[in-house]
file entry.cif (mmCIF, C-alpha atoms)
data_target
#
loop_
_atom_site.group_PDB
_atom_site.id
_atom_site.type_symbol
_atom_site.label_atom_id
_atom_site.label_comp_id
_atom_site.auth_asym_id
_atom_site.auth_seq_id
_atom_site.Cartn_x
_atom_site.Cartn_y
_atom_site.Cartn_z
ATOM 1 C CA MET A 1 -16.108 6.382 -19.002
ATOM 2 C CA THR A 2 -12.436 6.288 -18.032
ATOM 3 C CA ALA A 3 -11.489 3.905 -15.268
ATOM 4 C CA THR A 4 -9.113 4.866 -12.476
ATOM 5 C CA LEU A 5 -6.421 2.435 -11.431
ATOM 6 C CA HIS A 6 -5.360 3.055 -7.837
ATOM 7 C CA GLY A 7 -2.151 1.706 -6.359
ATOM 8 C CA ILE A 8 1.533 2.380 -5.993
ATOM 9 C CA ARG A 9 3.990 2.632 -8.841
ATOM 10 C CA ASN A 10 6.589 0.119 -7.672
ATOM 11 C CA CYS A 11 4.496 -3.038 -7.438
ATOM 12 C CA ASP A 12 4.668 -6.153 -9.613
ATOM 13 C CA THR A 13 0.906 -6.721 -9.440
ATOM 14 C CA MET A 14 0.311 -3.150 -10.576
ATOM 15 C CA LYS A 15 2.600 -3.742 -13.550
ATOM 16 C CA LYS A 16 0.523 -6.777 -14.536
ATOM 17 C CA ALA A 17 -2.680 -4.723 -14.333
ATOM 18 C CA TRP A 18 -1.187 -1.879 -16.422
ATOM 19 C CA THR A 19 -0.026 -4.345 -19.042
ATOM 20 C CA TRP A 20 -3.431 -6.035 -19.201
ATOM 21 C CA LEU A 21 -5.312 -2.734 -19.488
ATOM 22 C CA ASP A 22 -2.908 -1.411 -22.126
ATOM 23 C CA ASP A 23 -3.000 -4.653 -24.142
ATOM 24 C CA HIS A 24 -6.812 -4.590 -24.122
ATOM 25 C CA GLY A 25 -7.118 -0.912 -25.063
ATOM 26 C CA VAL A 26 -8.794 0.101 -21.805
ATOM 27 C CA ALA A 27 -8.479 3.812 -21.028
ATOM 28 C CA TYR A 28 -7.604 4.582 -17.436
ATOM 29 C CA ASP A 29 -6.096 7.202 -15.182
ATOM 30 C CA PHE A 30 -3.538 6.214 -12.560
ATOM 31 C CA HIS A 31 -3.788 7.395 -8.960
ATOM 32 C CA ASP A 32 -0.705 6.684 -6.857
ATOM 33 C CA TYR A 33 -2.163 6.703 -3.371
ATOM 34 C CA LYS A 34 1.246 6.498 -1.794
ATOM 35 C CA LYS A 35 2.341 9.780 -3.420
ATOM 36 C CA GLN A 36 -1.011 11.508 -3.933
ATOM 37 C CA GLY A 37 -2.714 10.246 -0.802
ATOM 38 C CA ILE A 38 -6.171 8.813 -0.437
ATOM 39 C CA GLU A 39 -9.224 10.428 1.109
ATOM 40 C CA ARG A 40 -10.939 8.872 4.121
ATOM 41 C CA GLY A 41 -14.253 9.138 2.294
ATOM 42 C CA THR A 42 -12.885 7.163 -0.657
ATOM 43 C CA LEU A 43 -11.624 4.377 1.599
ATOM 44 C CA GLU A 44 -14.901 4.306 3.521
ATOM 45 C CA GLU A 45 -16.840 3.997 0.249
ATOM 46 C CA TRP A 46 -14.564 1.188 -0.912
ATOM 47 C CA VAL A 47 -15.059 -0.596 2.416
ATOM 48 C CA ARG A 48 -18.837 -0.278 2.010
ATOM 49 C CA THR A 49 -18.568 -1.656 -1.528
ATOM 50 C CA VAL A 50 -16.165 -4.600 -1.091
ATOM 51 C CA GLY A 51 -15.610 -4.916 2.678
ATOM 52 C CA TRP A 52 -12.532 -4.058 4.696
ATOM 53 C CA GLU A 53 -11.477 -7.704 4.685
ATOM 54 C CA VAL A 54 -10.996 -7.537 0.904
ATOM 55 C CA LEU A 55 -9.350 -4.111 0.892
ATOM 56 C CA LEU A 56 -6.856 -4.462 3.760
ATOM 57 C CA ASN A 57 -3.683 -6.182 2.576
ATOM 58 C CA ARG A 58 -2.898 -8.412 5.535
ATOM 59 C CA ALA A 59 -0.427 -10.485 3.493
ATOM 60 C CA GLY A 60 1.941 -7.570 2.856
ATOM 61 C CA THR A 61 5.065 -6.750 4.803
ATOM 62 C CA THR A 62 3.675 -3.420 6.069
ATOM 63 C CA PHE A 63 0.829 -5.191 7.875
ATOM 64 C CA LYS A 64 3.045 -8.044 9.059
ATOM 65 C CA LYS A 65 5.450 -5.561 10.670
ATOM 66 C CA LEU A 66 2.696 -4.075 12.841
ATOM 67 C CA PRO A 67 2.855 -4.891 16.532
ATOM 68 C CA ASP A 68 0.597 -7.847 17.347
ATOM 69 C CA ALA A 69 -1.636 -5.602 19.449
ATOM 70 C CA ASP A 70 -2.391 -3.454 16.383
ATOM 71 C CA LYS A 71 -3.506 -6.520 14.427
ATOM 72 C CA LEU A 72 -6.180 -7.474 16.963
ATOM 73 C CA GLY A 73 -9.761 -6.278 16.962
ATOM 74 C CA ILE A 74 -9.731 -4.852 13.467
ATOM 75 C CA ASP A 75 -13.079 -3.635 12.224
ATOM 76 C CA ALA A 76 -14.048 -1.332 9.342
ATOM 77 C CA VAL A 77 -13.127 1.870 11.209
ATOM 78 C CA ARG A 78 -9.775 0.512 12.404
ATOM 79 C CA ALA A 79 -8.984 -0.866 8.939
ATOM 80 C CA VAL A 80 -9.605 2.544 7.353
ATOM 81 C CA ASP A 81 -7.382 4.183 9.987
ATOM 82 C CA LEU A 82 -4.588 1.679 9.252
ATOM 83 C CA MET A 83 -4.861 2.178 5.486
ATOM 84 C CA LEU A 84 -4.842 5.971 5.848
ATOM 85 C CA ALA A 85 -1.748 5.824 8.044
ATOM 86 C CA GLN A 86 0.022 3.350 5.732
ATOM 87 C CA PRO A 87 -1.401 3.332 2.178
ATOM 88 C CA SER A 88 0.792 0.299 1.420
ATOM 89 C CA MET A 89 -1.769 -1.668 3.439
ATOM 90 C CA ILE A 90 -4.369 -1.109 0.726
ATOM 91 C CA LYS A 91 -4.550 -4.178 -1.467
ATOM 92 C CA ARG A 92 -3.619 -3.336 -5.008
ATOM 93 C CA PRO A 93 -4.559 -2.576 -7.580
ATOM 94 C CA VAL A 94 -7.977 -1.067 -7.029
ATOM 95 C CA LEU A 95 -9.731 -0.486 -10.351
ATOM 96 C CA ALA A 96 -12.651 1.932 -10.049
ATOM 97 C CA MET A 97 -15.130 2.077 -12.914
ATOM 98 C CA GLY A 98 -18.064 4.224 -11.876
ATOM 99 C CA ASP A 99 -19.850 2.288 -9.153
ATOM 100 C CA ARG A 100 -17.892 -0.921 -9.847
ATOM 101 C CA LEU A 101 -14.711 -1.777 -7.996
ATOM 102 C CA ILE A 102 -12.213 -4.567 -8.645
ATOM 103 C CA VAL A 103 -9.616 -5.192 -5.935
ATOM 104 C CA GLY A 104 -6.497 -7.145 -6.813
ATOM 105 C CA PHE A 105 -5.534 -8.398 -10.252
ATOM 106 C CA LYS A 106 -6.621 -11.619 -11.890
ATOM 107 C CA PRO A 107 -6.669 -11.660 -15.698
ATOM 108 C CA GLU A 108 -9.873 -13.702 -15.809
ATOM 109 C CA VAL A 109 -11.693 -11.220 -13.553
ATOM 110 C CA TYR A 110 -10.499 -8.257 -15.633
ATOM 111 C CA ALA A 111 -11.610 -10.096 -18.813
ATOM 112 C CA SER A 112 -15.127 -10.689 -17.479
ATOM 113 C CA GLU A 113 -15.591 -7.365 -15.640
ATOM 114 C CA VAL A 114 -13.682 -4.901 -17.803
ATOM 115 C CA GLY A 115 -14.009 -6.432 -21.253
#

call {"tool": "encode", "arguments": {"input": "entry.cif", "output": "structure tokens"}}
result
Amino acid sequence: MTATLHGIRNCDTMKKAWTWLDDHGVAYDFHDYKKQGIERGTLEEWVRTVGWEVLLNRAGTTFKKLPDADKLGIDAVRAVDLMLAQPSMIKRPVLAMGDRLIVGFKPEVYASEVG
């Protein structure tokens, strides 16, 4: 099974994930959700799998630039709406391997989950 690495091309964390996958001979496809978009259904499934709190990148500049009112009262539906409107708010990378999902990049997690 080929994994799919979701993210945006110009991101240092993405570059680390690509390097790790390449160095470990892991086959993957790349989906640039900033250029190719992301389906609502995909985001909703990810939220069901890992939770919106894990998936929404609240530490990034895109989220930080939101008006304070937009940052209040976030729930799963609101988080999906925000991520659809601004894909940069999706934490990256997202590595999908069948029904498994790894959000973010930590070499030790990739080593134990990917192989």

call {"tool": "resolve_selection", "arguments": {"input": "entry.cif", "expression": "the PyMOL selection byres ((chain A and resi 73-76) around 10)", "output": "list in words"}}
result
Leu43, Glu44, Val47, Arg48, Gly51, Trp52, Glu53, Leu56, Ala69, Asp70, Lys71, Leu72, Val77, Arg78, Ala79, Val80, Asp81 and Leu82 of chain A

call {"tool": "atom_distance", "arguments": {"input": "entry.cif", "atom1": "atom CA of Lys91 of chain A", "atom2": "atom CA of Asp68 of chain A"}}
result
19.8 Å

call {"tool": "atom_distance", "arguments": {"input": "entry.cif", "atom1": "atom CA of Val54 of chain A", "atom2": "atom CA of Leu95 of chain A"}}
result
13.3 Å

call {"tool": "atom_distance", "arguments": {"input": "entry.cif", "atom1": "atom CA of Pro93 of chain A", "atom2": "atom CA of Lys34 of chain A"}}
result
12.2 Å

call {"tool": "closest_atom_pairs", "arguments": {"input": "entry.cif", "of": "segment 16-39 of chain A", "to": "segment 2-6 of chain A", "cutoff": "10 Å", "atoms": "all atoms listed in the file", "output": "CSV"}}
result
residue,atom,partner,partner_atom,distance
A:Ala17,CA,A:Leu5,CA,8.6
A:Trp18,CA,A:Leu5,CA,8.4
A:Leu21,CA,A:Leu5,CA,9.6
A:Val26,CA,A:Ala3,CA,8.0
A:Ala27,CA,A:Thr2,CA,5.5
A:Tyr28,CA,A:Ala3,CA,4.5
A:Asp29,CA,A:Thr4,CA,4.7
A:Phe30,CA,A:Leu5,CA,4.9
A:His31,CA,A:His6,CA,4.8
A:Asp32,CA,A:His6,CA,6.0
A:Tyr33,CA,A:His6,CA,6.6
A:Lys34,CA,A:His6,CA,9.6
A:Ile38,CA,A:His6,CA,9.4

call {"tool": "write_last_selection", "arguments": {"input": "entry.cif", "atoms": "C-alpha atoms", "output": "CSV table (one decimal), keeping the file's coordinate frame"}}
result
chain,number,residue,atom,x,y,z
A,17,ALA,CA,-2.7,-4.7,-14.3
A,18,TRP,CA,-1.2,-1.9,-16.4
A,21,LEU,CA,-5.3,-2.7,-19.5
A,26,VAL,CA,-8.8,0.1,-21.8
A,27,ALA,CA,-8.5,3.8,-21.0
A,28,TYR,CA,-7.6,4.6,-17.4
A,29,ASP,CA,-6.1,7.2,-15.2
A,30,PHE,CA,-3.5,6.2,-12.6
A,31,HIS,CA,-3.8,7.4,-9.0
A,32,ASP,CA,-0.7,6.7,-6.9
A,33,TYR,CA,-2.2,6.7,-3.4
A,34,LYS,CA,1.2,6.5,-1.8
A,38,ILE,CA,-6.2,8.8,-0.4

call {"tool": "closest_residue", "arguments": {"input": "entry.cif", "among": "A:Thr62, A:Gly25, A:Asp12, A:Gly7", "to": "Ala111 of chain A", "atoms": "only C-alpha atoms"}}
result
A:Gly25

call {"tool": "closest_residue", "arguments": {"input": "entry.cif", "among": "A:Arg58, A:Trp46, A:Phe63, A:Gly115", "to": "Asp99 of chain A", "atoms": "all atoms listed in the file"}}
result
A:Trp46

call {"tool": "closest_residue", "arguments": {"input": "entry.cif", "among": "A:Lys106, A:Lys64, A:Lys35, A:Lys16", "to": "Met89 of chain A", "atoms": "all atoms listed in the file"}}
result
A:Lys64

call {"tool": "closest_residue", "arguments": {"input": "entry.cif", "among": "A:Gln36, A:Thr19, A:Ile8, A:Thr42", "to": "Leu101 of chain A", "atoms": "all atoms listed in the file"}}
result
A:Thr42

call {"tool": "axis_aligned_box", "arguments": {"input": "entry.cif", "around": "segment 29-41 of chain A", "padding_each_side": "8 Å", "output": "lines of an AutoDock Vina configuration file"}}
result
center_x = -6.0
center_y = 8.9
center_z = -5.5
size_x = 32.6
size_y = 21.3
size_z = 35.3

call {"tool": "closest_residue", "arguments": {"input": "entry.cif", "among": "A:Pro107, A:Pro67, A:Pro87, A:Gly60", "to": "Arg40 of chain A", "atoms": "all atoms listed in the file"}}
result
A:Pro87

call {"tool": "resolve_selection", "arguments": {"input": "entry.cif", "expression": "the PyMOL selection byres ((chain A and resi 103) around 6)", "output": "list in words"}}
result
Pro93, Val94, Ile102 and Gly104 of chain A

call {"tool": "write_last_selection", "arguments": {"input": "entry.cif", "atoms": "C-alpha atoms", "output": "PDB file, keeping the file's coordinate frame"}}
result
ATOM      1  CA  PRO A  93      -4.559  -2.576  -7.580  1.00  0.00           C
ATOM      2  CA  VAL A  94      -7.977  -1.067  -7.029  1.00  0.00           C
ATOM      3  CA  ILE A 102     -12.213  -4.567  -8.645  1.00  0.00           C
ATOM      4  CA  GLY A 104      -6.497  -7.145  -6.813  1.00  0.00           C
TER       5      GLY A 104
END

call {"tool": "residues_around", "arguments": {"input": "entry.cif", "residues": "Ile90 of chain A", "least_positions_apart": "5", "cutoff": "6 Å", "atoms": "only C-alpha atoms", "output": "list in words"}}
result
Leu55, Leu56, Asn57 and Met83 of chain A

call {"tool": "build_atoms", "arguments": {"input": "entry.cif", "residues": "segment 33-50 of chain A", "atoms": "N, CA, C and O atoms", "output": "PDB file, in the frame of the given file"}}
result
ATOM      1  N   TYR A  33      -1.707   6.267  -4.685  1.00  0.00           N
ATOM      2  CA  TYR A  33      -2.163   6.703  -3.371  1.00  0.00           C
ATOM      3  C   TYR A  33      -1.042   6.802  -2.352  1.00  0.00           C
ATOM      4  O   TYR A  33      -1.231   7.367  -1.285  1.00  0.00           O
ATOM      5  N   LYS A  34       0.120   6.311  -2.697  1.00  0.00           N
ATOM      6  CA  LYS A  34       1.246   6.498  -1.794  1.00  0.00           C
ATOM      7  C   LYS A  34       1.802   7.919  -1.942  1.00  0.00           C
ATOM      8  O   LYS A  34       2.176   8.555  -0.962  1.00  0.00           O
ATOM      9  N   LYS A  35       1.838   8.425  -3.178  1.00  0.00           N
ATOM     10  CA  LYS A  35       2.341   9.780  -3.420  1.00  0.00           C
ATOM     11  C   LYS A  35       1.250  10.837  -3.335  1.00  0.00           C
ATOM     12  O   LYS A  35       1.474  11.928  -2.823  1.00  0.00           O
ATOM     13  N   GLN A  36       0.068  10.532  -3.862  1.00  0.00           N
ATOM     14  CA  GLN A  36      -1.011  11.508  -3.933  1.00  0.00           C
ATOM     15  C   GLN A  36      -1.952  11.452  -2.738  1.00  0.00           C
ATOM     16  O   GLN A  36      -2.787  12.325  -2.566  1.00  0.00           O
ATOM     17  N   GLY A  37      -1.823  10.404  -1.940  1.00  0.00           N
ATOM     18  CA  GLY A  37      -2.714  10.246  -0.802  1.00  0.00           C
ATOM     19  C   GLY A  37      -4.042   9.633  -1.213  1.00  0.00           C
ATOM     20  O   GLY A  37      -4.301   9.383  -2.382  1.00  0.00           O
ATOM     21  N   ILE A  38      -4.840   9.383  -0.229  1.00  0.00           N
ATOM     22  CA  ILE A  38      -6.171   8.813  -0.437  1.00  0.00           C
ATOM     23  C   ILE A  38      -7.090   9.431   0.606  1.00  0.00           C
ATOM     24  O   ILE A  38      -6.697   9.629   1.756  1.00  0.00           O
ATOM     25  N   GLU A  39      -8.266   9.786   0.209  1.00  0.00           N
ATOM     26  CA  GLU A  39      -9.224  10.428   1.109  1.00  0.00           C
ATOM     27  C   GLU A  39      -9.927   9.382   1.982  1.00  0.00           C
ATOM     28  O   GLU A  39     -10.231   8.281   1.507  1.00  0.00           O
ATOM     29  N   ARG A  40     -10.192   9.753   3.214  1.00  0.00           N
ATOM     30  CA  ARG A  40     -10.939   8.872   4.121  1.00  0.00           C
ATOM     31  C   ARG A  40     -12.271   8.467   3.496  1.00  0.00           C
ATOM     32  O   ARG A  40     -12.648   7.297   3.516  1.00  0.00           O
ATOM     33  N   GLY A  41     -12.953   9.424   2.899  1.00  0.00           N
ATOM     34  CA  GLY A  41     -14.253   9.138   2.294  1.00  0.00           C
ATOM     35  C   GLY A  41     -14.165   8.102   1.182  1.00  0.00           C
ATOM     36  O   GLY A  41     -15.056   7.264   1.036  1.00  0.00           O
ATOM     37  N   THR A  42     -13.089   8.147   0.405  1.00  0.00           N
ATOM     38  CA  THR A  42     -12.885   7.163  -0.657  1.00  0.00           C
ATOM     39  C   THR A  42     -12.699   5.778  -0.058  1.00  0.00           C
ATOM     40  O   THR A  42     -13.336   4.810  -0.495  1.00  0.00           O
ATOM     41  N   LEU A  43     -11.839   5.679   0.949  1.00  0.00           N
ATOM     42  CA  LEU A  43     -11.624   4.377   1.599  1.00  0.00           C
ATOM     43  C   LEU A  43     -12.905   3.859   2.239  1.00  0.00           C
ATOM     44  O   LEU A  43     -13.216   2.666   2.140  1.00  0.00           O
ATOM     45  N   GLU A  44     -13.651   4.738   2.884  1.00  0.00           N
ATOM     46  CA  GLU A  44     -14.901   4.306   3.521  1.00  0.00           C
ATOM     47  C   GLU A  44     -15.891   3.791   2.479  1.00  0.00           C
ATOM     48  O   GLU A  44     -16.586   2.798   2.715  1.00  0.00           O
ATOM     49  N   GLU A  45     -15.954   4.457   1.321  1.00  0.00           N
ATOM     50  CA  GLU A  45     -16.840   3.997   0.249  1.00  0.00           C
ATOM     51  C   GLU A  45     -16.386   2.643  -0.284  1.00  0.00           C
ATOM     52  O   GLU A  45     -17.198   1.749  -0.515  1.00  0.00           O
ATOM     53  N   TRP A  46     -15.085   2.484  -0.459  1.00  0.00           N
ATOM     54  CA  TRP A  46     -14.564   1.188  -0.912  1.00  0.00           C
ATOM     55  C   TRP A  46     -14.895   0.088   0.085  1.00  0.00           C
ATOM     56  O   TRP A  46     -15.264  -1.017  -0.296  1.00  0.00           O
ATOM     57  N   VAL A  47     -14.746   0.390   1.373  1.00  0.00           N
ATOM     58  CA  VAL A  47     -15.059  -0.596   2.416  1.00  0.00           C
ATOM     59  C   VAL A  47     -16.540  -0.960   2.362  1.00  0.00           C
ATOM     60  O   VAL A  47     -16.900  -2.134   2.489  1.00  0.00           O
ATOM     61  N   ARG A  48     -17.404   0.022   2.137  1.00  0.00           N
ATOM     62  CA  ARG A  48     -18.837  -0.278   2.010  1.00  0.00           C
ATOM     63  C   ARG A  48     -19.108  -1.143   0.778  1.00  0.00           C
ATOM     64  O   ARG A  48     -20.007  -1.982   0.793  1.00  0.00           O
ATOM     65  N   THR A  49     -18.342  -0.942  -0.270  1.00  0.00           N
ATOM     66  CA  THR A  49     -18.568  -1.656  -1.528  1.00  0.00           C
ATOM     67  C   THR A  49     -18.035  -3.087  -1.496  1.00  0.00           C
ATOM     68  O   THR A  49     -18.731  -4.020  -1.905  1.00  0.00           O
ATOM     69  N   VAL A  50     -16.783  -3.264  -1.017  1.00  0.00           N
ATOM     70  CA  VAL A  50     -16.165  -4.600  -1.091  1.00  0.00           C
ATOM     71  C   VAL A  50     -15.865  -5.215   0.268  1.00  0.00           C
ATOM     72  O   VAL A  50     -15.529  -6.393   0.344  1.00  0.00           O
TER      73      VAL A  50
END
